[in-house]
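Below is run-v3.txt, holding compact mmCIF, C-alpha atoms.
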# COMPACT_ATOMS: atom_id res chain seq x y z
CA MET A 6 11.16 -102.55 -128.61
CA TYR A 7 13.11 -99.56 -127.26
CA HIS A 8 9.92 -97.70 -126.41
CA GLN A 9 8.79 -100.56 -124.20
CA GLU A 10 12.17 -100.70 -122.50
CA PHE A 11 12.05 -96.96 -121.84
CA ASP A 12 8.50 -97.23 -120.46
CA ARG A 13 9.65 -99.82 -117.90
CA ILE A 14 12.20 -97.42 -116.38
CA THR A 15 10.95 -95.68 -113.25
CA ALA A 16 12.41 -94.53 -109.95
CA VAL A 17 11.41 -97.88 -108.48
CA THR A 18 12.71 -99.96 -111.43
CA PRO A 19 15.73 -98.15 -112.89
CA LEU A 20 17.72 -99.32 -115.89
CA PRO A 21 19.89 -102.24 -114.71
CA SER A 22 23.60 -101.37 -114.80
CA GLN A 23 24.42 -104.61 -116.65
CA ARG A 24 22.04 -103.52 -119.46
CA ALA A 25 23.48 -100.01 -119.93
CA LEU A 26 26.62 -100.78 -121.97
CA PRO A 27 25.00 -103.42 -124.23
CA LEU A 28 22.12 -101.02 -124.85
CA LEU A 29 24.53 -98.23 -125.80
CA CYS A 30 26.17 -100.61 -128.28
CA GLU A 31 22.81 -101.59 -129.78
CA LEU A 32 21.77 -97.97 -130.19
CA ALA A 33 25.14 -97.10 -131.75
CA GLY A 34 24.87 -100.04 -134.14
CA THR A 35 27.98 -101.88 -132.97
CA THR A 36 28.79 -105.06 -131.09
CA THR A 37 31.98 -103.79 -129.45
CA ALA A 38 31.20 -103.14 -125.79
CA ASP A 39 34.28 -101.16 -124.73
CA PRO A 40 33.69 -99.10 -121.56
CA ALA A 41 36.66 -96.88 -122.51
CA ARG A 42 34.70 -95.73 -125.58
CA LEU A 43 31.52 -94.59 -123.85
CA ASN A 44 31.66 -91.07 -125.29
CA ARG A 45 32.14 -92.38 -128.84
CA LEU A 46 29.30 -94.86 -128.45
CA TYR A 47 27.02 -92.14 -127.13
CA ARG A 48 27.89 -89.71 -129.92
CA ALA A 49 27.42 -92.33 -132.63
CA ALA A 50 24.02 -93.26 -131.24
CA ALA A 51 23.02 -89.62 -130.72
CA LEU A 52 23.66 -88.88 -134.39
CA THR A 53 21.10 -91.51 -135.28
CA TRP A 54 18.49 -91.11 -132.57
CA HIS A 55 18.47 -87.36 -131.83
CA PRO A 56 14.90 -86.04 -132.25
CA ASP A 57 16.07 -83.30 -134.65
CA LYS A 58 17.44 -85.88 -137.10
CA PRO A 59 15.23 -87.49 -139.78
CA THR A 60 15.84 -90.92 -138.20
CA GLY A 61 15.43 -89.55 -134.68
CA ASP A 62 13.07 -90.70 -131.97
CA HIS A 63 12.45 -88.78 -128.75
CA LYS A 64 11.83 -91.79 -126.50
CA VAL A 65 14.78 -93.75 -127.85
CA PHE A 66 16.99 -90.71 -127.35
CA GLN A 67 15.84 -90.49 -123.73
CA LEU A 68 16.64 -94.19 -123.32
CA LEU A 69 20.08 -93.51 -124.81
CA GLN A 70 20.68 -90.71 -122.33
CA GLU A 71 19.68 -92.95 -119.41
CA ALA A 72 21.90 -95.80 -120.64
CA TYR A 73 24.82 -93.38 -120.97
CA ARG A 74 24.22 -91.97 -117.48
CA VAL A 75 24.12 -95.45 -115.91
CA ALA A 76 27.14 -96.69 -117.89
CA LYS A 77 29.22 -93.73 -116.70
CA LEU A 78 28.51 -94.71 -113.08
CA MET A 79 29.92 -98.19 -113.55
If you took the structure in this file and wrote it as structure tokens, what would it be?
Amino acid sequence: MYHQEFDRITAVTPLPSQRALPLLCELAGTTTADPARLNRLYRAAALTWHPDKPTGDHKVFQLLQEAYRVAKLM
């Protein structure tokens, strides 16, 4: 699921800003979408998805980074 979402992101079709915060919450394993907690959401998700972790996934981590970047711009 996340791999397909990452594969759809290009310069022509970027990650929609309205999808960034909900995606961060999904990747962090929470339902609380609080823009004031972006750093905590990112860190929680990074602990799970970082490629160096046993549960990590390179593409999902890249998607996480893009979602975090877009959410910070909002």
Item to complete: Determine the nearest neighbour of Ser22 (chain A) from the options A:Trp54, A:Phe66, A:Tyr73, A:Tyr47, counting only C-alpha atoms.
Response: A:Tyr73
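Counting from CA of Arg24 (chain A), the distance to CA of Pro59 (chain A) is 26.8 Å.
Here CA of Thr60 (chain A) is placed at a distance of 25.7 Å from CA of Pro40 (chain A).
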Discussion item. Give me, as an MDAnalysis selection string, all polymer residues having an atom no more than 12 Å from Asn44 (chain A), counting all atoms listed in the file and skipping those fewer than 3 positions away in the same chain.
Written reply: chainID A and resid 26 29:30 33 39:41 47:51 69:70 72:74 76:77
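Considering the residues A:Thr53, A:Gln23, A:Gln9, A:Thr35 and counting only C-alpha atoms, Met79 (chain A) has its shortest atom-to-atom contact with A:Gln23.
When CA of Leu46 (chain A) is paired with CA of Thr15 (chain A), their separation reads 23.8 Å.
Take the candidates A:Met6, A:Phe11, A:Glu31, A:Leu52 and check each one against Lys64 (chain A) using all atoms listed in the file; the shortest distance goes to A:Phe11.
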Practice prompt. Excluding His55 (chain A) and residues on its chain fewer than 6 positions from it, collect all residues at most 9 Å away from it, counting all atoms listed in the file, and give them as a list in words.
Written response: Gly61, Asp62, His63, Val65 and Phe66 of chain A
Discussion item. Considering all atoms listed in the file, can you say which of A:Ala38, A:Leu28, A:Leu68, A:Leu20 comes closest to His8 (chain A)?
Written reply: A:Leu68
As a PDB file, in the frame of the given file, please: region 67-78 of chain A completed to all heavy atoms.
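Saved the output as selection.pdb:
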ATOM      1  N   GLN A  67      15.875 -90.534-125.191  1.00  0.00           N
ATOM      2  CA  GLN A  67      15.840 -90.490-123.730  1.00  0.00           C
ATOM      3  C   GLN A  67      16.400 -91.782-123.135  1.00  0.00           C
ATOM      4  O   GLN A  67      17.112 -91.747-122.127  1.00  0.00           O
ATOM      5  CB  GLN A  67      14.409 -90.269-123.231  1.00  0.00           C
ATOM      6  CG  GLN A  67      13.919 -88.864-123.446  1.00  0.00           C
ATOM      7  CD  GLN A  67      12.511 -88.681-122.931  1.00  0.00           C
ATOM      8  OE1 GLN A  67      11.619 -89.477-123.231  1.00  0.00           O
ATOM      9  NE2 GLN A  67      12.308 -87.638-122.156  1.00  0.00           N
ATOM     10  N   LEU A  68      16.090 -92.905-123.751  1.00  0.00           N
ATOM     11  CA  LEU A  68      16.640 -94.190-123.320  1.00  0.00           C
ATOM     12  C   LEU A  68      18.160 -94.177-123.478  1.00  0.00           C
ATOM     13  O   LEU A  68      18.891 -94.631-122.595  1.00  0.00           O
ATOM     14  CB  LEU A  68      16.022 -95.333-124.108  1.00  0.00           C
ATOM     15  CG  LEU A  68      16.508 -96.735-123.790  1.00  0.00           C
ATOM     16  CD1 LEU A  68      16.195 -97.108-122.341  1.00  0.00           C
ATOM     17  CD2 LEU A  68      15.872 -97.741-124.739  1.00  0.00           C
ATOM     18  N   LEU A  69      18.642 -93.642-124.585  1.00  0.00           N
ATOM     19  CA  LEU A  69      20.080 -93.510-124.810  1.00  0.00           C
ATOM     20  C   LEU A  69      20.730 -92.675-123.713  1.00  0.00           C
ATOM     21  O   LEU A  69      21.767 -93.047-123.167  1.00  0.00           O
ATOM     22  CB  LEU A  69      20.331 -92.870-126.182  1.00  0.00           C
ATOM     23  CG  LEU A  69      21.742 -92.396-126.474  1.00  0.00           C
ATOM     24  CD1 LEU A  69      22.709 -93.567-126.526  1.00  0.00           C
ATOM     25  CD2 LEU A  69      21.772 -91.607-127.764  1.00  0.00           C
ATOM     26  N   GLN A  70      20.136 -91.563-123.375  1.00  0.00           N
ATOM     27  CA  GLN A  70      20.680 -90.710-122.330  1.00  0.00           C
ATOM     28  C   GLN A  70      20.734 -91.436-120.982  1.00  0.00           C
ATOM     29  O   GLN A  70      21.707 -91.316-120.242  1.00  0.00           O
ATOM     30  CB  GLN A  70      19.854 -89.427-122.206  1.00  0.00           C
ATOM     31  CG  GLN A  70      20.032 -88.516-123.386  1.00  0.00           C
ATOM     32  CD  GLN A  70      19.153 -87.295-123.289  1.00  0.00           C
ATOM     33  OE1 GLN A  70      17.967 -87.401-122.989  1.00  0.00           O
ATOM     34  NE2 GLN A  70      19.730 -86.148-123.540  1.00  0.00           N
ATOM     35  N   GLU A  71      19.703 -92.206-120.676  1.00  0.00           N
ATOM     36  CA  GLU A  71      19.680 -92.950-119.410  1.00  0.00           C
ATOM     37  C   GLU A  71      20.739 -94.047-119.420  1.00  0.00           C
ATOM     38  O   GLU A  71      21.440 -94.252-118.426  1.00  0.00           O
ATOM     39  CB  GLU A  71      18.295 -93.540-119.159  1.00  0.00           C
ATOM     40  CG  GLU A  71      18.174 -94.309-117.872  1.00  0.00           C
ATOM     41  CD  GLU A  71      18.399 -93.489-116.611  1.00  0.00           C
ATOM     42  OE1 GLU A  71      18.481 -92.244-116.675  1.00  0.00           O
ATOM     43  OE2 GLU A  71      18.519 -94.100-115.528  1.00  0.00           O
ATOM     44  N   ALA A  72      20.877 -94.749-120.538  1.00  0.00           N
ATOM     45  CA  ALA A  72      21.900 -95.800-120.640  1.00  0.00           C
ATOM     46  C   ALA A  72      23.296 -95.200-120.480  1.00  0.00           C
ATOM     47  O   ALA A  72      24.154 -95.769-119.797  1.00  0.00           O
ATOM     48  CB  ALA A  72      21.783 -96.526-121.972  1.00  0.00           C
ATOM     49  N   TYR A  73      23.528 -94.065-121.073  1.00  0.00           N
ATOM     50  CA  TYR A  73      24.820 -93.380-120.970  1.00  0.00           C
ATOM     51  C   TYR A  73      25.085 -92.954-119.523  1.00  0.00           C
ATOM     52  O   TYR A  73      26.174 -93.147-118.994  1.00  0.00           O
ATOM     53  CB  TYR A  73      24.841 -92.182-121.904  1.00  0.00           C
ATOM     54  CG  TYR A  73      26.130 -91.405-121.904  1.00  0.00           C
ATOM     55  CD1 TYR A  73      27.327 -91.994-122.299  1.00  0.00           C
ATOM     56  CD2 TYR A  73      26.156 -90.067-121.530  1.00  0.00           C
ATOM     57  CE1 TYR A  73      28.503 -91.266-122.309  1.00  0.00           C
ATOM     58  CE2 TYR A  73      27.317 -89.340-121.547  1.00  0.00           C
ATOM     59  CZ  TYR A  73      28.495 -89.947-121.936  1.00  0.00           C
ATOM     60  OH  TYR A  73      29.673 -89.222-121.940  1.00  0.00           O
ATOM     61  N   ARG A  74      24.068 -92.406-118.875  1.00  0.00           N
ATOM     62  CA  ARG A  74      24.220 -91.970-117.480  1.00  0.00           C
ATOM     63  C   ARG A  74      24.569 -93.155-116.586  1.00  0.00           C
ATOM     64  O   ARG A  74      25.497 -93.078-115.770  1.00  0.00           O
ATOM     65  CB  ARG A  74      22.925 -91.313-116.999  1.00  0.00           C
ATOM     66  CG  ARG A  74      23.024 -90.732-115.591  1.00  0.00           C
ATOM     67  CD  ARG A  74      21.658 -90.328-115.057  1.00  0.00           C
ATOM     68  NE  ARG A  74      20.819 -91.478-114.763  1.00  0.00           N
ATOM     69  CZ  ARG A  74      20.939 -92.236-113.685  1.00  0.00           C
ATOM     70  NH1 ARG A  74      21.867 -91.987-112.788  1.00  0.00           N
ATOM     71  NH2 ARG A  74      20.117 -93.259-113.483  1.00  0.00           N
ATOM     72  N   VAL A  75      23.876 -94.265-116.740  1.00  0.00           N
ATOM     73  CA  VAL A  75      24.120 -95.450-115.910  1.00  0.00           C
ATOM     74  C   VAL A  75      25.487 -96.051-116.231  1.00  0.00           C
ATOM     75  O   VAL A  75      26.229 -96.444-115.313  1.00  0.00           O
ATOM     76  CB  VAL A  75      22.984 -96.481-116.110  1.00  0.00           C
ATOM     77  CG1 VAL A  75      23.327 -97.791-115.414  1.00  0.00           C
ATOM     78  CG2 VAL A  75      21.670 -95.929-115.579  1.00  0.00           C
ATOM     79  N   ALA A  76      25.843 -96.106-117.503  1.00  0.00           N
ATOM     80  CA  ALA A  76      27.140 -96.690-117.890  1.00  0.00           C
ATOM     81  C   ALA A  76      28.303 -95.881-117.333  1.00  0.00           C
ATOM     82  O   ALA A  76      29.343 -96.454-116.972  1.00  0.00           O
ATOM     83  CB  ALA A  76      27.234 -96.781-119.403  1.00  0.00           C
ATOM     84  N   LYS A  77      28.155 -94.573-117.255  1.00  0.00           N
ATOM     85  CA  LYS A  77      29.220 -93.730-116.700  1.00  0.00           C
ATOM     86  C   LYS A  77      29.438 -93.995-115.219  1.00  0.00           C
ATOM     87  O   LYS A  77      30.529 -93.799-114.708  1.00  0.00           O
ATOM     88  CB  LYS A  77      28.914 -92.249-116.923  1.00  0.00           C
ATOM     89  CG  LYS A  77      29.133 -91.816-118.327  1.00  0.00           C
ATOM     90  CD  LYS A  77      29.046 -90.329-118.562  1.00  0.00           C
ATOM     91  CE  LYS A  77      28.347 -89.513-117.539  1.00  0.00           C
ATOM     92  NZ  LYS A  77      28.271 -88.093-117.835  1.00  0.00           N
ATOM     93  N   LEU A  78      28.399 -94.442-114.523  1.00  0.00           N
ATOM     94  CA  LEU A  78      28.510 -94.710-113.080  1.00  0.00           C
ATOM     95  C   LEU A  78      29.217 -96.015-112.768  1.00  0.00           C
ATOM     96  O   LEU A  78      29.647 -96.239-111.645  1.00  0.00           O
ATOM     97  CB  LEU A  78      27.103 -94.731-112.459  1.00  0.00           C
ATOM     98  CG  LEU A  78      26.328 -93.439-112.487  1.00  0.00           C
ATOM     99  CD1 LEU A  78      24.916 -93.655-111.966  1.00  0.00           C
ATOM    100  CD2 LEU A  78      27.030 -92.351-111.710  1.00  0.00           C
TER     101      LEU A  78
END
